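A.B. asks: This is the structure I have questions about; it appears just below.
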Amino acid sequence: AQSVTQLGSHVSVSEGALVLLRCNYSSSVPPYLFWYVQYPNQGLQLLLKYTSAATLVKGINGFEAEFKKSETSFHLTKPSAHMSDAAEYFCAVSDGGGSNYKLTFGKGTLLTVNP
Amino acid sequence: DAGVIQSPRHEVTEMGQEVTLRCKPISGHDYLFWYRQTMMRGLELLIYFNNNVPIDDSGMPEDRFSAKMPNASFSTLKIQPSEPRDSAVYFCASRLGQGVDTQYFGPGTRLTVL
């Protein structure tokens, strides 16, 4: 069974500061990993995904994430936070290479950006 | 493309009433997913379809919940009878089943059962 743990349900940063949102996964097979963002009253939007190619994945809006197999982690970072980054972020894992295309989501991390 | 379309965006109903949520996936996508989001449980997969056929409904909470996909461009999630604990945001998502493709989410339906 797959699972995702997002450390910290709420992260607060100052505008211009580094954003680090943590995600650890558990999977019995090589995983595919995703980060989604949800703005208030909207659906989820894909930020980036890891599909066993390069371990450092670049996404939209200046975000990137690094897949570390030894640490079973897929943390999301952005060098400089903008006010518009305030949203909830979800990490998700999918069974890589199998016929199971279900995503298992973490509980989410609410990012607050202070002026 | 218009993206995944869900209706209604908001639904307020009384306990015991039937509720029907609707979803139009992105044209050409052959997988459709229904999720429920609550503060307590987060984002949960309820059921998903492939080529209009239900593949996994293990996330459907009770027999009060049912989902159908009569054709490739339309799906419904029905709750009958509704209960206050069904209050949540329900999302529909679709994807193209080639490799590890992205799930595209609709804007959601916020359901309140009084």
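Letters A, B, ... go to the chains of the structure tokens in the order shown; residues in each chain start at 1; ligands are counted from 1 in the same order.
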Which residues of chain A are close to chain B, meaning at most 9 Å apart when you count only C-alpha atoms, and how do they look as JSON, numbers by chain?
C.D. replies: {"A": [32, 34, 41, 42, 43, 44, 45, 46, 49, 51, 94, 96, 97, 101, 102, 103, 104, 105, 106, 107, 108]}
A.B. asks: Just write the chosen residues, all heavy atoms, as a short mmCIF file (atom, residue, chain, number, x, y, z; two decimals), in the first residue's frame.
C.D. replies:
data_model
loop_
_atom_site.label_atom_id
_atom_site.label_comp_id
_atom_site.auth_asym_id
_atom_site.auth_seq_id
_atom_site.Cartn_x
_atom_site.Cartn_y
_atom_site.Cartn_z
N TYR A 32 5.65 7.04 -8.61
CA TYR A 32 5.55 8.31 -9.30
C TYR A 32 5.04 9.31 -8.26
O TYR A 32 4.13 8.99 -7.49
CB TYR A 32 4.59 8.23 -10.48
CG TYR A 32 5.05 7.34 -11.60
CD1 TYR A 32 4.15 6.77 -12.49
CD2 TYR A 32 6.40 7.04 -11.78
CE1 TYR A 32 4.56 5.95 -13.53
CE2 TYR A 32 6.82 6.21 -12.81
CZ TYR A 32 5.90 5.67 -13.68
OH TYR A 32 6.30 4.84 -14.68
N PHE A 34 3.92 13.43 -7.12
CA PHE A 34 3.30 14.64 -7.63
C PHE A 34 3.18 15.68 -6.52
O PHE A 34 3.02 15.34 -5.35
CB PHE A 34 1.87 14.35 -8.14
CG PHE A 34 1.79 13.27 -9.19
CD1 PHE A 34 1.86 11.94 -8.83
CD2 PHE A 34 1.63 13.59 -10.52
CE1 PHE A 34 1.79 10.93 -9.78
CE2 PHE A 34 1.54 12.59 -11.49
CZ PHE A 34 1.62 11.26 -11.12
N ASN A 41 -11.07 27.97 -2.82
CA ASN A 41 -12.29 27.74 -3.60
C ASN A 41 -12.02 27.29 -5.03
O ASN A 41 -12.82 27.55 -5.93
CB ASN A 41 -13.15 29.01 -3.62
CG ASN A 41 -13.57 29.42 -2.23
OD1 ASN A 41 -14.01 28.60 -1.44
ND2 ASN A 41 -13.39 30.69 -1.90
N GLN A 42 -10.88 26.62 -5.24
CA GLN A 42 -10.57 26.10 -6.56
C GLN A 42 -10.20 24.63 -6.47
O GLN A 42 -9.96 24.09 -5.38
CB GLN A 42 -9.42 26.89 -7.19
CG GLN A 42 -9.76 28.34 -7.48
CD GLN A 42 -8.63 29.03 -8.24
OE1 GLN A 42 -7.87 28.40 -8.97
NE2 GLN A 42 -8.55 30.34 -8.07
N GLY A 43 -10.12 23.98 -7.62
CA GLY A 43 -9.66 22.61 -7.67
C GLY A 43 -8.14 22.54 -7.59
O GLY A 43 -7.46 23.56 -7.52
N LEU A 44 -7.63 21.32 -7.61
CA LEU A 44 -6.19 21.12 -7.52
C LEU A 44 -5.54 21.31 -8.89
O LEU A 44 -6.09 20.91 -9.91
CB LEU A 44 -5.87 19.71 -7.00
CG LEU A 44 -5.96 19.52 -5.49
CD1 LEU A 44 -7.40 19.55 -5.00
CD2 LEU A 44 -5.29 18.22 -5.08
N GLN A 45 -4.35 21.89 -8.87
CA GLN A 45 -3.61 22.15 -10.10
C GLN A 45 -2.22 21.53 -9.96
O GLN A 45 -1.57 21.69 -8.91
CB GLN A 45 -3.50 23.66 -10.31
CG GLN A 45 -2.67 24.07 -11.52
CD GLN A 45 -2.52 25.58 -11.61
OE1 GLN A 45 -3.05 26.33 -10.79
NE2 GLN A 45 -1.82 26.04 -12.62
N LEU A 46 -1.76 20.82 -10.99
CA LEU A 46 -0.47 20.17 -10.92
C LEU A 46 0.66 21.20 -10.93
O LEU A 46 0.71 22.08 -11.80
CB LEU A 46 -0.29 19.21 -12.09
CG LEU A 46 1.03 18.44 -12.09
CD1 LEU A 46 1.03 17.39 -10.97
CD2 LEU A 46 1.29 17.77 -13.43
N LYS A 49 5.77 16.84 -11.39
CA LYS A 49 5.68 15.41 -11.16
C LYS A 49 7.02 14.74 -11.43
O LYS A 49 7.80 15.18 -12.27
CB LYS A 49 4.59 14.78 -12.04
CG LYS A 49 4.82 14.91 -13.54
CD LYS A 49 3.63 14.30 -14.32
CE LYS A 49 3.82 14.49 -15.81
NZ LYS A 49 2.63 13.98 -16.58
N THR A 51 8.66 11.13 -12.57
CA THR A 51 8.26 9.89 -13.23
C THR A 51 9.48 9.04 -13.57
O THR A 51 9.55 8.42 -14.62
CB THR A 51 7.46 10.18 -14.52
OG1 THR A 51 8.27 10.99 -15.38
CG2 THR A 51 6.17 10.89 -14.20
N SER A 94 1.73 7.68 -6.72
CA SER A 94 1.01 6.74 -7.58
C SER A 94 1.85 5.51 -7.79
O SER A 94 3.08 5.59 -7.78
CB SER A 94 0.69 7.39 -8.92
OG SER A 94 0.04 6.48 -9.79
N GLY A 96 3.91 3.35 -9.53
CA GLY A 96 4.64 3.50 -10.78
C GLY A 96 4.69 2.24 -11.60
O GLY A 96 5.09 1.20 -11.11
N GLY A 97 4.29 2.33 -12.85
CA GLY A 97 4.45 1.23 -13.78
C GLY A 97 3.37 0.18 -13.71
O GLY A 97 3.34 -0.75 -14.52
N TYR A 101 -3.75 3.38 -11.37
CA TYR A 101 -3.46 4.78 -11.60
C TYR A 101 -4.02 5.68 -10.52
O TYR A 101 -4.16 6.87 -10.70
CB TYR A 101 -4.02 5.21 -12.96
CG TYR A 101 -3.30 4.55 -14.11
CD1 TYR A 101 -3.97 3.70 -14.97
CD2 TYR A 101 -1.95 4.76 -14.31
CE1 TYR A 101 -3.31 3.08 -16.01
CE2 TYR A 101 -1.29 4.14 -15.35
CZ TYR A 101 -1.98 3.31 -16.21
OH TYR A 101 -1.34 2.70 -17.24
N LYS A 102 -4.32 5.09 -9.36
CA LYS A 102 -4.85 5.90 -8.29
C LYS A 102 -3.76 6.75 -7.68
O LYS A 102 -2.61 6.32 -7.56
CB LYS A 102 -5.46 5.02 -7.20
CG LYS A 102 -6.68 4.23 -7.65
CD LYS A 102 -7.41 3.64 -6.47
CE LYS A 102 -6.57 2.64 -5.71
NZ LYS A 102 -7.38 1.96 -4.66
N LEU A 103 -4.13 7.95 -7.27
CA LEU A 103 -3.24 8.81 -6.50
C LEU A 103 -3.63 8.73 -5.03
O LEU A 103 -4.82 8.78 -4.70
CB LEU A 103 -3.37 10.26 -6.96
CG LEU A 103 -2.82 10.64 -8.34
CD1 LEU A 103 -3.08 12.10 -8.62
CD2 LEU A 103 -1.34 10.34 -8.42
N THR A 104 -2.63 8.61 -4.19
CA THR A 104 -2.85 8.71 -2.75
C THR A 104 -2.26 10.03 -2.30
O THR A 104 -1.07 10.29 -2.50
CB THR A 104 -2.17 7.55 -2.01
OG1 THR A 104 -2.71 6.31 -2.49
CG2 THR A 104 -2.40 7.67 -0.52
N PHE A 105 -3.12 10.87 -1.70
CA PHE A 105 -2.72 12.22 -1.34
C PHE A 105 -2.33 12.31 0.13
O PHE A 105 -2.87 11.61 0.99
CB PHE A 105 -3.87 13.20 -1.58
CG PHE A 105 -4.09 13.54 -3.03
CD1 PHE A 105 -4.92 12.76 -3.81
CD2 PHE A 105 -3.47 14.65 -3.59
CE1 PHE A 105 -5.13 13.08 -5.15
CE2 PHE A 105 -3.67 14.97 -4.93
CZ PHE A 105 -4.50 14.18 -5.70
N GLY A 106 -1.41 13.23 0.41
CA GLY A 106 -1.13 13.60 1.79
C GLY A 106 -2.24 14.52 2.30
O GLY A 106 -3.15 14.89 1.57
N LYS A 107 -2.14 14.89 3.57
CA LYS A 107 -3.16 15.70 4.22
C LYS A 107 -3.10 17.16 3.79
O LYS A 107 -4.01 17.93 4.08
CB LYS A 107 -3.01 15.62 5.74
CG LYS A 107 -3.28 14.23 6.30
CD LYS A 107 -4.73 13.85 6.23
CE LYS A 107 -4.98 12.55 6.98
NZ LYS A 107 -6.38 12.11 6.86
N GLY A 108 -2.02 17.55 3.17
CA GLY A 108 -1.89 18.91 2.71
C GLY A 108 -1.12 19.80 3.68
O GLY A 108 -1.09 19.56 4.90
#
A.B. asks: Residues within 12 Å of A:Ser84, please, as a ChimeraX atom specification. Count only C-alpha atoms; anything in the same chain fewer than 3 positions from it doesn't count.
C.D. replies: /A:15-16,37-40,61-62,80-81,87-88,111-115
A.B. asks: Produce a file of the selected residues containing C-alpha atoms, as a JSON list (two decimals), in the first residue's frame.
C.D. replies:
[["chain", "number", "residue", "atom", "x", "y", "z"],
["A", 15, "GLU", "CA", 7.82, 37.24, 1.34],
["A", 16, "GLY", "CA", 11.17, 36.61, -0.34],
["A", 37, "VAL", "CA", -1.54, 23.27, -5.38],
["A", 38, "GLN", "CA", -5.03, 24.33, -4.35],
["A", 39, "TYR", "CA", -5.97, 28.00, -4.23],
["A", 40, "PRO", "CA", -9.02, 28.99, -2.16],
["A", 61, "ASN", "CA", 5.77, 29.20, -10.71],
["A", 62, "GLY", "CA", 9.41, 28.64, -9.82],
["A", 80, "SER", "CA", 11.84, 33.19, -2.89],
["A", 81, "ALA", "CA", 8.22, 33.23, -1.77],
["A", 87, "ALA", "CA", -2.30, 28.23, -0.97],
["A", 88, "GLU", "CA", -2.59, 24.63, 0.16],
["A", 111, "LEU", "CA", 1.38, 27.89, 3.10],
["A", 112, "THR", "CA", 1.00, 31.42, 4.43],
["A", 113, "VAL", "CA", 3.19, 34.20, 3.03],
["A", 114, "ASN", "CA", 3.64, 37.26, 5.24],
["A", 115, "PRO", "CA", 4.47, 40.69, 3.78]]
A.B. asks: What's around A:Pro79 at 10 Å? Count only C-alpha atoms, leave out sequence neighbours fewer than 4 positions away in its own chain, and write the answer as a count of residues only.
C.D. replies: 8
A.B. asks: Need to verify the contact set: stretch 27-30 of chain B, 6 Å, only C-alpha atoms, exclusion of same-chain residues closer than 6 positions in sequence. Can you return it as a list in words?
C.D. replies: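 Residues near the query, excluding close chain neighbours: Asn50, Asn51, Arg95 and Leu96 of chain B.
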A.B. asks: If you run DSSP on this backbone, which residues of chain A come out as strand (DSSP E or B), and could you give them as a ChimeraX atom specification?
C.D. replies: /A:3-7,10-14,19-26,31-38,44-50,56-58,64-68,73-78,87-95,103-105,109-114
A.B. asks: Separation of atom CA of B:Ile79 and atom CA of B:Gly16, in Å?
C.D. replies: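 So the answer is 9.4 Å.
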A.B. asks: Nearest to B:Met69 among B:Val113, B:Leu32, B:Ala88, B:Leu46, with distances taken over only C-alpha atoms: which residue is it?
C.D. replies: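 With only C-alpha atoms as the atom set, the closest residue is B:Leu32.
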A.B. asks: For B:Pro61, list every protein, DNA or RNA residue within 10 Å, evaluated using only C-alpha atoms, and leave out those in the same chain fewer than 4 positions away; present the list as a PDB file with all heavy atoms, in the first residue's frame.
C.D. replies:
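Below is the file that was written, selection_20.pdb:
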ATOM      1  N   LEU B  46     -13.033   8.299  -4.014  1.00  0.00           N
ATOM      2  CA  LEU B  46     -14.265   7.534  -3.821  1.00  0.00           C
ATOM      3  C   LEU B  46     -14.394   6.403  -4.819  1.00  0.00           C
ATOM      4  O   LEU B  46     -14.651   5.255  -4.465  1.00  0.00           O
ATOM      5  CB  LEU B  46     -15.478   8.463  -3.945  1.00  0.00           C
ATOM      6  CG  LEU B  46     -15.550   9.629  -2.956  1.00  0.00           C
ATOM      7  CD1 LEU B  46     -16.772  10.482  -3.252  1.00  0.00           C
ATOM      8  CD2 LEU B  46     -15.572   9.134  -1.526  1.00  0.00           C
ATOM      9  N   ASP B  57     -14.335   0.961  -6.633  1.00  0.00           N
ATOM     10  CA  ASP B  57     -15.262   1.765  -5.820  1.00  0.00           C
ATOM     11  C   ASP B  57     -15.047   1.516  -4.328  1.00  0.00           C
ATOM     12  O   ASP B  57     -15.946   1.737  -3.525  1.00  0.00           O
ATOM     13  CB  ASP B  57     -16.706   1.496  -6.215  1.00  0.00           C
ATOM     14  CG  ASP B  57     -17.133   0.074  -5.914  1.00  0.00           C
ATOM     15  OD1 ASP B  57     -16.265  -0.741  -5.487  1.00  0.00           O
ATOM     16  OD2 ASP B  57     -18.314  -0.248  -6.083  1.00  0.00           O
ATOM     17  N   PHE B  65     -24.179   6.037  -1.398  1.00  0.00           N
ATOM     18  CA  PHE B  65     -23.432   6.673  -2.475  1.00  0.00           C
ATOM     19  C   PHE B  65     -23.438   5.766  -3.702  1.00  0.00           C
ATOM     20  O   PHE B  65     -23.204   4.562  -3.593  1.00  0.00           O
ATOM     21  CB  PHE B  65     -21.989   6.919  -2.051  1.00  0.00           C
ATOM     22  CG  PHE B  65     -21.791   8.045  -1.093  1.00  0.00           C
ATOM     23  CD1 PHE B  65     -22.220   7.957   0.216  1.00  0.00           C
ATOM     24  CD2 PHE B  65     -21.155   9.213  -1.502  1.00  0.00           C
ATOM     25  CE1 PHE B  65     -22.035   8.997   1.105  1.00  0.00           C
ATOM     26  CE2 PHE B  65     -20.958  10.263  -0.615  1.00  0.00           C
ATOM     27  CZ  PHE B  65     -21.398  10.154   0.686  1.00  0.00           C
ATOM     28  N   SER B  66     -23.680   6.392  -4.869  1.00  0.00           N
ATOM     29  CA  SER B  66     -23.581   5.641  -6.120  1.00  0.00           C
ATOM     30  C   SER B  66     -23.043   6.560  -7.193  1.00  0.00           C
ATOM     31  O   SER B  66     -23.244   7.776  -7.145  1.00  0.00           O
ATOM     32  CB  SER B  66     -24.938   5.065  -6.525  1.00  0.00           C
ATOM     33  OG  SER B  66     -25.870   6.101  -6.753  1.00  0.00           O
ATOM     34  N   ASP B  86     -22.149  14.046   5.237  1.00  0.00           N
ATOM     35  CA  ASP B  86     -21.747  14.032   3.841  1.00  0.00           C
ATOM     36  C   ASP B  86     -21.278  15.408   3.370  1.00  0.00           C
ATOM     37  O   ASP B  86     -20.787  15.552   2.242  1.00  0.00           O
ATOM     38  CB  ASP B  86     -22.914  13.581   2.949  1.00  0.00           C
ATOM     39  CG  ASP B  86     -23.413  12.189   3.304  1.00  0.00           C
ATOM     40  OD1 ASP B  86     -22.602  11.368   3.799  1.00  0.00           O
ATOM     41  OD2 ASP B  86     -24.621  11.931   3.116  1.00  0.00           O
TER      42      ASP B  86
END
A.B. asks: Just how far from atom CA of B:Ala2 is atom CA of B:Leu77, in Å to one decimal?
C.D. replies: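 Answer for the atom CA of B:Leu77 to atom CA of B:Ala2 separation: 20.8 Å.
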